[in-house]
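Each remark here refers to the structure printed beneath this line.
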Amino acid sequence: MASAEKQTMVVGIDDSEHSTYALEWTLDHLFVPCSANPPFKLILVHAKPTPSSAVGFAGPGAAEVLPFVEADLRKIAARVIEKAKELCTSKSVHDVIVEVVEGDARNVLCEAVEKHHASILVVGSHGYGAIKRAVLGSVSDYCSHHAHCTVMIVKKPKSKQ
């Protein structure tokens, strides 16, 4: 009898400690206990901002700055991916797909859910209060309303911050 195909889990990763904690918590609680047969296919997704959104200005000189910003964003993405891969390896989780997609994290993660037919999306939470969340927006809040799957928001306990 053929085994059923595993459900897919997408984990949003960035360069924040909240993201790292969410990935580590997920690995410790959902993958390490079942290391011989993990319950999910694991896909890590990093949303790399566009250079123009990172610079946030136009006009004279902007075009000259963009290549440097792009190079920095590529370096940050490479560090994020390397750190996530190292964390997975340290937990003996080796069957991991990693993607870097350019764009706004909210859209990138919701699109990754659709692309991979994910049954769960995991994101870290910065724990912003209501006012800051309203002003800045929240990737976790947006995804919890727009991703077509279960969304698990992992918040680092105050005792670990």
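To be explicit about the labels: the chains of the structure tokens are called A, B, and onward in the order shown, and within each one the residues are counted from 1, while ligands get numbers from 1 in the order they are shown.
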
Name all residues at most 9 Å from region 7-21 of chain A (count only C-alpha atoms; drop same-chain ones fewer than 6 positions away) and give them as JSON, numbers by chain. {"A": [39, 40, 41, 42, 43, 44, 45, 46, 47, 48, 76, 77, 79, 80, 81, 83, 84, 87, 105, 109, 112, 113, 116, 117, 118, 119, 120, 121, 122, 123, 124, 125, 126, 154, 155, 156]}

Mind listing the alpha helix (DSSP H) residues of region 25-113 of chain A, per DSSP on the backbone, as an MDAnalysis selection string? chainID A and resid 25:26 51:55 62:90 105:113

Hey, what's within 12 Å of Asn37 (chain A) if we count only C-alpha atoms and toss same-chain stuff fewer than 3 positions away? As an mmCIF file with N, CA, C and O atoms, in the first residue's frame, please?
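Now in out-v1.cif:
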```cif
data_model
loop_
_atom_site.group_PDB
_atom_site.id
_atom_site.type_symbol
_atom_site.label_atom_id
_atom_site.label_comp_id
_atom_site.auth_asym_id
_atom_site.auth_seq_id
_atom_site.Cartn_x
_atom_site.Cartn_y
_atom_site.Cartn_z
ATOM 1 N N SER A 3 2.172 4.936 0.667
ATOM 2 C CA SER A 3 1.957 5.846 1.789
ATOM 3 C C SER A 3 1.363 7.155 1.280
ATOM 4 O O SER A 3 1.630 7.577 0.164
ATOM 5 N N GLU A 5 0.777 11.028 0.690
ATOM 6 C CA GLU A 5 1.724 12.130 0.543
ATOM 7 C C GLU A 5 1.619 13.047 1.748
ATOM 8 O O GLU A 5 0.534 13.303 2.265
ATOM 9 N N LYS A 6 2.775 13.548 2.187
ATOM 10 C CA LYS A 6 2.797 14.421 3.363
ATOM 11 C C LYS A 6 2.189 15.768 3.041
ATOM 12 O O LYS A 6 2.275 16.270 1.927
ATOM 13 N N LEU A 30 7.633 19.825 16.164
ATOM 14 C CA LEU A 30 6.932 19.103 15.105
ATOM 15 C C LEU A 30 7.828 18.209 14.241
ATOM 16 O O LEU A 30 7.319 17.350 13.528
ATOM 17 N N PHE A 31 9.142 18.430 14.297
ATOM 18 C CA PHE A 31 10.024 17.637 13.439
ATOM 19 C C PHE A 31 10.965 16.735 14.231
ATOM 20 O O PHE A 31 11.117 15.563 13.901
ATOM 21 N N VAL A 32 11.605 17.258 15.263
ATOM 22 C CA VAL A 32 12.561 16.461 16.040
ATOM 23 C C VAL A 32 11.913 15.223 16.660
ATOM 24 O O VAL A 32 12.469 14.123 16.560
ATOM 25 N N PRO A 33 10.718 15.337 17.268
ATOM 26 C CA PRO A 33 10.114 14.141 17.869
ATOM 27 C C PRO A 33 9.800 13.037 16.851
ATOM 28 O O PRO A 33 9.674 11.885 17.204
ATOM 29 N N CYS A 34 9.657 13.412 15.583
ATOM 30 C CA CYS A 34 9.310 12.441 14.533
ATOM 31 C C CYS A 34 10.409 12.395 13.483
ATOM 32 O O CYS A 34 10.115 12.287 12.295
ATOM 33 N N PHE A 40 5.435 16.590 8.021
ATOM 34 C CA PHE A 40 5.242 17.580 6.963
ATOM 35 C C PHE A 40 6.429 17.629 6.020
ATOM 36 O O PHE A 40 7.566 17.356 6.415
ATOM 37 N N LYS A 41 6.145 18.049 4.803
ATOM 38 C CA LYS A 41 7.183 18.457 3.864
ATOM 39 C C LYS A 41 7.485 19.905 4.259
ATOM 40 O O LYS A 41 6.565 20.726 4.373
ATOM 41 N N SER A 92 18.879 17.868 12.993
ATOM 42 C CA SER A 92 18.809 16.657 12.152
ATOM 43 C C SER A 92 17.590 16.650 11.229
ATOM 44 O O SER A 92 17.020 15.605 10.938
ATOM 45 N N VAL A 93 17.209 17.828 10.771
ATOM 46 C CA VAL A 93 16.141 17.956 9.781
ATOM 47 C C VAL A 93 16.829 18.321 8.470
ATOM 48 O O VAL A 93 17.320 19.436 8.312
ATOM 49 N N HIS A 94 16.884 17.346 7.556
ATOM 50 C CA HIS A 94 17.670 17.532 6.337
ATOM 51 C C HIS A 94 16.830 17.693 5.078
ATOM 52 O O HIS A 94 17.301 18.225 4.083
ATOM 53 N N ASP A 95 15.596 17.228 5.114
ATOM 54 C CA ASP A 95 14.738 17.295 3.931
ATOM 55 C C ASP A 95 13.980 18.619 3.945
ATOM 56 O O ASP A 95 12.830 18.695 4.384
#
```

Across A:Leu66, A:Cys143, A:Cys88, A:Ile97, the smallest distance to Thr26 (chain A), with only C-alpha atoms counted, is shown by A:Cys88

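Taking CA of His148 (chain A) and CA of Asp104 (chain A) as the two end points, the separation is 17.5 Å.
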